[in-house]
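Listing of start.tsv; format and content: TSV, C-alpha atoms.
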```
chain	number	residue	atom	x	y	z
A	1	MET	CA	13.72	-1.80	5.40
A	2	ARG	CA	12.10	1.26	6.91
A	3	PRO	CA	8.87	1.36	8.96
A	4	CYS	CA	5.93	3.64	8.23
A	5	ILE	CA	2.20	3.72	8.98
A	6	SER	CA	-0.77	3.88	6.63
A	7	GLU	CA	-3.46	6.44	7.36
A	8	ALA	CA	-5.97	3.63	6.88
A	9	THR	CA	-4.87	2.54	10.35
A	10	THR	CA	-6.45	5.71	11.78
A	11	LEU	CA	-9.13	6.10	9.12
A	12	PRO	CA	-11.65	8.30	11.04
A	13	SER	CA	-9.09	11.01	11.87
A	14	SER	CA	-8.15	13.85	9.52
A	15	PHE	CA	-5.00	14.25	7.47
A	16	ALA	CA	-3.75	17.04	9.75
A	17	ASP	CA	-4.53	15.04	12.90
A	18	ASP	CA	-2.59	12.11	11.50
A	19	VAL	CA	0.44	14.25	10.69
A	20	LYS	CA	0.47	15.72	14.20
A	21	GLY	CA	-0.46	12.49	15.98
A	22	TYR	CA	1.95	10.22	14.13
A	23	THR	CA	4.92	12.46	14.82
A	24	GLY	CA	3.77	12.72	18.44
A	25	GLY	CA	3.92	8.93	18.60
A	26	GLY	CA	7.38	8.75	17.06
A	27	CYS	CA	6.43	8.06	13.44
A	28	HIS	CA	7.79	10.49	10.85
A	29	THR	CA	6.77	8.61	7.70
A	30	MET	CA	3.26	7.77	6.59
A	31	GLU	CA	1.39	6.19	3.72
A	32	VAL	CA	-1.19	8.75	2.65
A	33	TRP	CA	-4.86	7.87	2.35
A	34	LEU	CA	-5.63	10.01	-0.71
A	35	THR	CA	-9.23	10.79	0.22
A	36	LYS	CA	-7.99	12.36	3.46
A	37	LEU	CA	-5.46	14.51	1.63
A	38	GLU	CA	-8.05	15.57	-0.95
A	39	THR	CA	-10.49	16.53	1.83
A	40	HIS	CA	-7.75	18.46	3.63
A	41	LEU	CA	-6.95	20.43	0.46
A	42	GLU	CA	-10.55	21.62	0.20
A	43	LYS	CA	-9.78	24.03	3.07
A	44	HIS	CA	-5.99	24.35	2.92
A	45	THR	CA	-3.60	25.26	0.15
A	46	VAL	CA	-0.77	23.07	-1.10
A	47	ALA	CA	1.71	25.57	0.36
A	48	GLU	CA	0.05	25.45	3.79
A	49	THR	CA	0.04	21.66	3.69
A	50	ARG	CA	3.72	21.54	2.79
A	51	LYS	CA	4.47	23.78	5.77
A	52	LEU	CA	2.47	21.43	8.02
A	53	LEU	CA	4.53	18.49	6.81
A	54	GLU	CA	7.82	20.37	7.13
A	55	TYR	CA	7.02	21.62	10.64
A	56	HIS	CA	6.31	18.09	11.84
A	57	GLU	CA	9.18	16.60	9.80
A	58	MET	CA	6.77	14.20	8.12
A	59	THR	CA	7.72	12.22	5.02
A	60	LEU	CA	5.05	10.84	2.68
A	61	ALA	CA	6.21	7.41	1.54
A	62	ALA	CA	3.31	6.40	-0.71
A	63	ALA	CA	-0.31	7.17	-1.53
A	64	SER	CA	-3.31	4.81	-1.42
A	65	TYR	CA	-5.03	4.05	-3.57
A	66	GLN	CA	-6.28	4.29	-7.17
A	67	GLY	CA	-8.74	1.85	-8.70
A	68	GLY	CA	-10.77	1.48	-11.88
A	69	LEU	CA	-7.94	1.75	-14.38
A	70	LEU	CA	-7.39	-1.78	-15.64
A	71	LEU	CA	-10.73	-3.09	-16.90
A	72	SER	CA	-13.09	-0.11	-17.13
A	73	GLN	CA	-14.30	1.09	-20.52
A	74	GLY	CA	-16.02	4.08	-22.10
A	75	GLU	CA	-17.13	6.98	-19.93
A	76	GLN	CA	-16.31	5.06	-16.78
A	77	ARG	CA	-12.75	4.63	-17.93
A	78	LYS	CA	-12.44	8.33	-18.77
A	79	ALA	CA	-13.68	9.30	-15.29
A	80	HIS	CA	-11.19	6.97	-13.60
A	81	TYR	CA	-8.29	8.26	-15.67
A	82	ASP	CA	-9.24	11.89	-15.01
A	83	HIS	CA	-9.21	11.10	-11.29
A	84	PHE	CA	-5.91	9.27	-11.69
A	85	ARG	CA	-4.25	12.24	-13.39
A	86	ARG	CA	-5.39	14.58	-10.62
A	87	ARG	CA	-3.92	12.22	-8.06
A	88	LEU	CA	-0.65	12.05	-9.97
A	89	ASP	CA	-0.56	15.84	-9.73
A	90	LEU	CA	-0.98	15.53	-5.95
A	91	CYS	CA	1.84	13.03	-5.75
A	92	GLN	CA	4.08	15.31	-7.75
A	93	SER	CA	3.16	18.35	-5.64
A	94	PHE	CA	4.07	16.60	-2.38
A	95	GLY	CA	6.93	14.46	-3.64
A	96	ILE	CA	5.09	11.19	-3.03
A	97	PRO	CA	7.15	8.61	-4.94
A	98	THR	CA	4.71	5.68	-5.06
A	99	LEU	CA	1.00	5.36	-5.84
A	100	LEU	CA	-0.79	2.12	-4.97
A	101	LEU	CA	-3.05	0.73	-7.66
A	102	VAL	CA	-5.74	-1.91	-7.13
A	103	ALA	CA	-7.22	-4.12	-9.81
A	104	ASP	CA	-10.83	-3.51	-10.80
A	105	PHE	CA	-13.63	-5.49	-9.22
A	106	ALA	CA	-15.00	-7.93	-11.77
A	107	GLU	CA	-17.92	-10.31	-11.31
A	108	LYS	CA	-16.97	-12.18	-14.45
A	109	LEU	CA	-13.79	-12.13	-16.51
A	110	GLU	CA	-13.93	-12.01	-20.30
A	111	PRO	CA	-11.31	-13.69	-22.50
A	112	THR	CA	-9.86	-10.26	-23.30
A	113	SER	CA	-9.67	-9.08	-19.69
A	114	LEU	CA	-6.03	-9.97	-19.14
A	115	GLU	CA	-4.88	-8.34	-22.36
A	116	ARG	CA	-6.90	-5.21	-21.57
A	117	ALA	CA	-5.45	-5.05	-18.07
A	118	VAL	CA	-1.87	-5.22	-19.38
A	119	VAL	CA	-2.48	-2.47	-21.94
A	120	SER	CA	-4.17	-0.30	-19.32
A	121	LEU	CA	-1.41	-0.86	-16.77
A	122	ARG	CA	1.17	0.13	-19.37
A	123	GLN	CA	-0.75	3.31	-20.16
A	124	ALA	CA	-1.15	4.17	-16.47
A	125	ALA	CA	2.58	3.61	-15.94
A	126	GLN	CA	3.44	5.97	-18.77
A	127	TRP	CA	1.22	8.66	-17.27
A	128	ALA	CA	2.79	8.09	-13.86
A	129	ALA	CA	6.32	8.30	-15.29
A	130	GLY	CA	5.57	11.86	-16.43
A	131	SER	CA	5.00	12.75	-12.76
A	132	ASN	CA	8.04	10.79	-11.49
A	133	VAL	CA	5.71	8.36	-9.71
A	134	ARG	CA	6.08	4.61	-9.41
A	135	LEU	CA	2.96	2.43	-9.42
A	136	ALA	CA	2.53	-0.45	-6.97
A	137	LEU	CA	-0.08	-2.95	-8.13
A	138	GLU	CA	-1.91	-4.63	-5.26
A	139	PHE	CA	-3.48	-8.06	-5.49
A	140	ARG	CA	-6.46	-8.82	-3.24
A	141	GLY	CA	-6.94	-12.31	-1.90
A	142	SER	CA	-10.73	-12.50	-2.30
A	143	ALA	CA	-10.93	-10.80	-5.69
A	144	THR	CA	-12.09	-12.44	-8.89
A	145	PHE	CA	-9.28	-10.77	-10.82
A	146	CYS	CA	-5.65	-10.37	-9.65
A	147	SER	CA	-6.04	-12.24	-6.36
A	148	SER	CA	-2.51	-13.64	-6.04
A	149	LEU	CA	1.04	-12.36	-5.90
A	150	ASP	CA	1.90	-14.55	-8.88
A	151	THR	CA	-0.81	-12.95	-11.06
A	152	ALA	CA	0.17	-9.41	-10.01
A	153	LEU	CA	3.81	-10.13	-10.87
A	154	GLY	CA	2.71	-11.53	-14.23
A	155	LEU	CA	0.81	-8.34	-15.05
A	156	VAL	CA	3.79	-6.21	-14.02
A	157	ALA	CA	6.15	-8.26	-16.19
A	158	ALA	CA	3.82	-8.19	-19.20
A	159	CYS	CA	3.37	-4.45	-18.81
A	160	GLY	CA	7.10	-3.96	-19.34
A	161	GLU	CA	7.33	-0.49	-17.80
A	162	PRO	CA	10.22	0.11	-15.37
A	163	ASN	CA	8.17	2.25	-12.97
A	164	VAL	CA	5.65	-0.49	-12.10
A	165	GLY	CA	6.03	-3.04	-9.32
A	166	VAL	CA	3.77	-4.93	-6.95
A	167	ASN	CA	2.48	-4.00	-3.52
A	168	LEU	CA	2.89	-6.97	-1.21
A	169	ASP	CA	0.03	-6.73	1.28
A	170	VAL	CA	0.68	-9.53	3.76
A	171	PHE	CA	-3.03	-9.79	4.64
A	172	HIS	CA	-4.00	-10.56	1.04
A	173	TYR	CA	-0.97	-12.79	0.62
A	174	TYR	CA	-2.02	-14.93	3.58
A	175	THR	CA	-5.79	-15.00	3.01
A	176	GLY	CA	-5.72	-15.53	-0.75
A	177	PRO	CA	-4.32	-18.17	-3.12
A	178	SER	CA	-0.70	-16.93	-3.02
A	179	LYS	CA	1.97	-19.46	-2.02
A	180	PHE	CA	5.26	-19.15	-0.16
A	181	GLU	CA	7.21	-20.02	-3.30
A	182	ASP	CA	5.72	-16.92	-4.97
A	183	LEU	CA	7.96	-14.84	-2.71
A	184	ALA	CA	10.96	-16.22	-4.59
A	185	LEU	CA	9.71	-14.35	-7.68
A	186	LEU	CA	10.18	-10.99	-5.98
A	187	THR	CA	13.16	-8.80	-6.83
A	188	PRO	CA	14.15	-5.25	-5.87
A	189	SER	CA	12.95	-4.11	-9.28
A	190	ASN	CA	9.46	-5.68	-9.20
A	191	LEU	CA	8.65	-5.07	-5.52
A	192	ALA	CA	7.49	-1.49	-5.05
A	193	PHE	CA	5.92	-1.45	-1.57
A	194	VAL	CA	5.03	-3.70	1.37
A	195	GLN	CA	2.11	-3.54	3.83
A	196	VAL	CA	2.04	-5.65	6.97
A	197	CYS	CA	-0.41	-6.62	9.70
A	198	ASP	CA	-1.29	-9.68	11.72
A	199	VAL	CA	-4.53	-11.63	12.31
A	200	LEU	CA	-5.63	-13.75	15.26
A	201	ASP	CA	-5.66	-17.47	14.66
A	202	ARG	CA	-8.81	-18.18	12.66
A	203	PRO	CA	-9.76	-19.83	9.35
A	204	ARG	CA	-8.36	-17.71	6.55
A	205	GLU	CA	-11.67	-17.90	4.68
A	206	LEU	CA	-13.26	-15.96	7.56
A	207	ALA	CA	-10.52	-13.35	8.01
A	208	ALA	CA	-11.69	-9.84	7.18
A	209	ASP	CA	-9.97	-6.45	7.04
A	210	ALA	CA	-11.49	-5.63	10.43
A	211	ASP	CA	-9.52	-8.53	11.94
A	212	ARG	CA	-6.16	-6.93	11.21
A	213	ILE	CA	-4.04	-6.37	14.31
A	214	PHE	CA	-0.51	-5.27	15.15
A	215	PRO	CA	2.34	-7.49	13.92
A	216	GLY	CA	3.37	-10.01	16.55
A	217	GLU	CA	-0.08	-10.26	18.14
A	218	GLY	CA	-1.52	-12.89	15.81
A	219	SER	CA	-0.73	-16.08	13.94
A	220	PHE	CA	0.85	-14.81	10.71
A	221	LEU	CA	4.42	-16.02	10.25
A	222	LEU	CA	5.83	-12.62	9.37
A	223	GLU	CA	9.49	-13.25	10.12
A	224	PRO	CA	10.07	-15.64	7.17
A	225	ILE	CA	8.46	-13.11	4.84
A	226	VAL	CA	10.59	-10.24	6.12
A	227	GLY	CA	13.60	-12.54	5.96
A	228	GLN	CA	12.91	-13.26	2.30
A	229	LEU	CA	12.53	-9.55	1.56
A	230	ARG	CA	15.85	-8.86	3.25
A	231	GLN	CA	17.46	-11.70	1.31
A	232	ILE	CA	16.48	-10.23	-2.06
A	233	GLY	CA	17.79	-6.81	-1.01
A	234	TYR	CA	14.49	-4.96	-0.56
A	235	ASP	CA	15.28	-1.75	1.32
A	236	GLY	CA	11.97	0.08	0.88
A	237	TRP	CA	9.06	0.81	3.20
A	238	LEU	CA	7.29	-1.62	5.49
A	239	SER	CA	3.91	0.01	6.10
A	240	LEU	CA	1.51	-0.91	8.89
A	241	GLU	CA	-2.03	-1.08	7.47
A	242	LEU	CA	-4.85	-1.93	9.87
A	243	LEU	CA	-8.52	-1.51	9.04
A	244	ASN	CA	-9.66	-2.41	12.52
A	245	PRO	CA	-12.57	-0.40	14.04
A	246	VAL	CA	-11.19	-1.03	17.52
A	247	VAL	CA	-7.86	0.53	16.57
A	248	TRP	CA	-9.72	3.41	14.90
A	249	ASN	CA	-11.08	4.40	18.32
A	250	ALA	CA	-7.57	5.16	19.61
A	251	LYS	CA	-5.72	8.45	19.20
A	252	PRO	CA	-3.36	8.65	16.20
A	253	SER	CA	-0.43	9.26	18.56
A	254	GLN	CA	-1.19	6.06	20.50
A	255	VAL	CA	-1.60	4.03	17.31
A	256	ALA	CA	1.66	5.42	15.94
A	257	GLU	CA	3.57	4.60	19.10
A	258	LEU	CA	2.27	1.03	19.21
A	259	GLY	CA	2.64	0.58	15.46
A	260	ILE	CA	6.23	1.75	15.19
A	261	ALA	CA	7.19	-0.37	18.19
A	262	ALA	CA	5.63	-3.47	16.58
A	263	LEU	CA	7.36	-2.84	13.25
A	264	GLU	CA	10.72	-2.24	14.89
A	265	ARG	CA	10.37	-5.48	16.88
A	266	LEU	CA	9.63	-7.36	13.66
A	267	LEU	CA	12.63	-5.87	11.87
A	268	LYS	CA	14.93	-6.34	14.86
A	269	PHE	CA	13.87	-9.98	15.29
A	270	ASP	CA	14.67	-10.68	11.68
A	271	GLN	CA	18.04	-8.92	11.85
A	272	ASN	CA	19.04	-10.90	14.94
A	273	ARG	CA	18.03	-14.15	13.28
A	274	HIS	CA	20.24	-13.44	10.25
A	275	ARG	CA	23.39	-12.50	12.18
```

Here is the file; what I need is its structure written in the form of structure tokens.
Amino acid sequence: MRPCISEATTLPSSFADDVKGYTGGGCHTMEVWLTKLETHLEKHTVAETRKLLEYHEMTLAAASYQGGLLLSQGEQRKAHYDHFRRRLDLCQSFGIPTLLLVADFAEKLEPTSLERAVVSLRQAAQWAAGSNVRLALEFRGSATFCSSLDTALGLVAACGEPNVGVNLDVFHYYTGPSKFEDLALLTPSNLAFVQVCDVLDRPRELAADADRIFPGEGSFLLEPIVGQLRQIGYDGWLSLELLNPVVWNAKPSQVAELGIAALERLLKFDQNRHR
């Protein structure tokens, strides 16, 4: 497994500041926050941005995130898919191999919702395949729809497209209805991406995104999860994603240095345990 950092961890800073700061802190791979990249491209060309990435030896591991594709209908659906296709073009332009997809917010599920979601996911996957992009479907622990790892894996399996997997966000895994045995359902083919964080010891019902902290500083049992991922042969990215306003106040270089160190400790601990 290879460590990287999500730009959500330094959300207030710009795309260019993240590229420069992350490399300054020893991180040469990042998960792109698409809104930052889109804002950057309003004033800089694709060619200029590629040069920025090349100069700082920065690799873009994945892009976050696209929503609105699974349950939307009519004009709303058309708008989401137009946005999706533009983002696929961005991924193709910068060689970003994976695009994270989140399930639609739904106050109430209809009997046809699951079937519609599968059909939509299949269509999105076929569009993504044309851009050589893999989709990573993220479940969200507090959501009405697709709140567990088991459900996300079910959607991926029903979709039947080879370029779709799940995004395992440890925060949503821990704070939602997912169970440890769900991890046994993961394989190298259905696991597309992994995001990690930690949270201080508190009731899971009260845990919020703003409570995310560096791995090893909280109460999440991350080592068994990483151990399971290693056991199934997952060799992809382990991305640090914090949405903590306190962390946002720090310089990207400081966050990168602390983040990479925390991820490397986690990976080293697990390796030592399995020797």

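Counting all atoms listed in the file, the residue from A:Leu60, A:Phe94, A:Asp82, A:Phe193 that sits nearest to Glu48 (chain A) is A:Phe94.
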
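Interatomic distance, CA of Trp237 (chain A) against CA of Val196 (chain A): 10.3 Å.
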
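When all atoms listed in the file are used to measure the gap to Asp209 (chain A), the shortest distance among A:Val247, A:Leu71, A:Ala47, A:Leu101 belongs to A:Val247.
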
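The space separating CA of Gln66 (chain A) from CA of Val102 (chain A) comes to 6.2 Å.
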
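In this comparison, which uses only C-alpha atoms, the residue of A:Leu70, A:Val133, A:Leu52, A:Ile260 approaching Tyr22 (chain A) most closely is A:Ile260.
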
Discussion item. Set the distance at 8 Å and use all atoms listed in the file: which residues neighbour region 23-38 of chain A once local chain neighbours fewer than 2 positions away are removed? I'd like the list as JSON, numbers by chain.
Written reply: {"A": [3, 4, 5, 6, 7, 8, 14, 15, 19, 20, 21, 40, 41, 42, 56, 57, 58, 59, 60, 61, 62, 63, 64, 65, 87, 239, 252, 253, 254, 255, 256, 257, 260]}

Worksheet item: Can you list, as a ChimeraX atom specification, every protein, DNA or RNA residue that comes within 9 Å of region 177-184 of chain A when you count only C-alpha atoms, leaving out same-chain residues fewer than 4 positions away?
Response: /A:141-142,147-151,172-173,225,228-229,232

Would you save the residues from that selection as a PDB file, in the frame of the given file, using C-alpha atoms?
```pdb
ATOM      1  CA  GLY A 141      -6.940 -12.310  -1.900  1.00  0.00           C
ATOM      2  CA  SER A 142     -10.730 -12.500  -2.300  1.00  0.00           C
ATOM      3  CA  SER A 147      -6.040 -12.240  -6.360  1.00  0.00           C
ATOM      4  CA  SER A 148      -2.510 -13.640  -6.040  1.00  0.00           C
ATOM      5  CA  LEU A 149       1.040 -12.360  -5.900  1.00  0.00           C
ATOM      6  CA  ASP A 150       1.900 -14.550  -8.880  1.00  0.00           C
ATOM      7  CA  THR A 151      -0.810 -12.950 -11.060  1.00  0.00           C
ATOM      8  CA  HIS A 172      -4.000 -10.560   1.040  1.00  0.00           C
ATOM      9  CA  TYR A 173      -0.970 -12.790   0.620  1.00  0.00           C
ATOM     10  CA  ILE A 225       8.460 -13.110   4.840  1.00  0.00           C
ATOM     11  CA  GLN A 228      12.910 -13.260   2.300  1.00  0.00           C
ATOM     12  CA  LEU A 229      12.530  -9.550   1.560  1.00  0.00           C
ATOM     13  CA  ILE A 232      16.480 -10.230  -2.060  1.00  0.00           C
TER      14      ILE A 232
END
```

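For the pair CA of Pro215 (chain A) and CA of Thr98 (chain A), the separation is 23.2 Å.
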
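Closest approach to Asn163 (chain A) from the set A:Pro224, A:Gly176, A:Pro97, A:Pro203 is made by A:Pro97, with distances taken over all atoms listed in the file.
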
Discussion item. Under the rule that only C-alpha atoms are counted, which of A:Thr49, A:Thr9, A:Thr39, A:Ser72 is the nearest residue to Ala117 (chain A)?
Written reply: A:Ser72
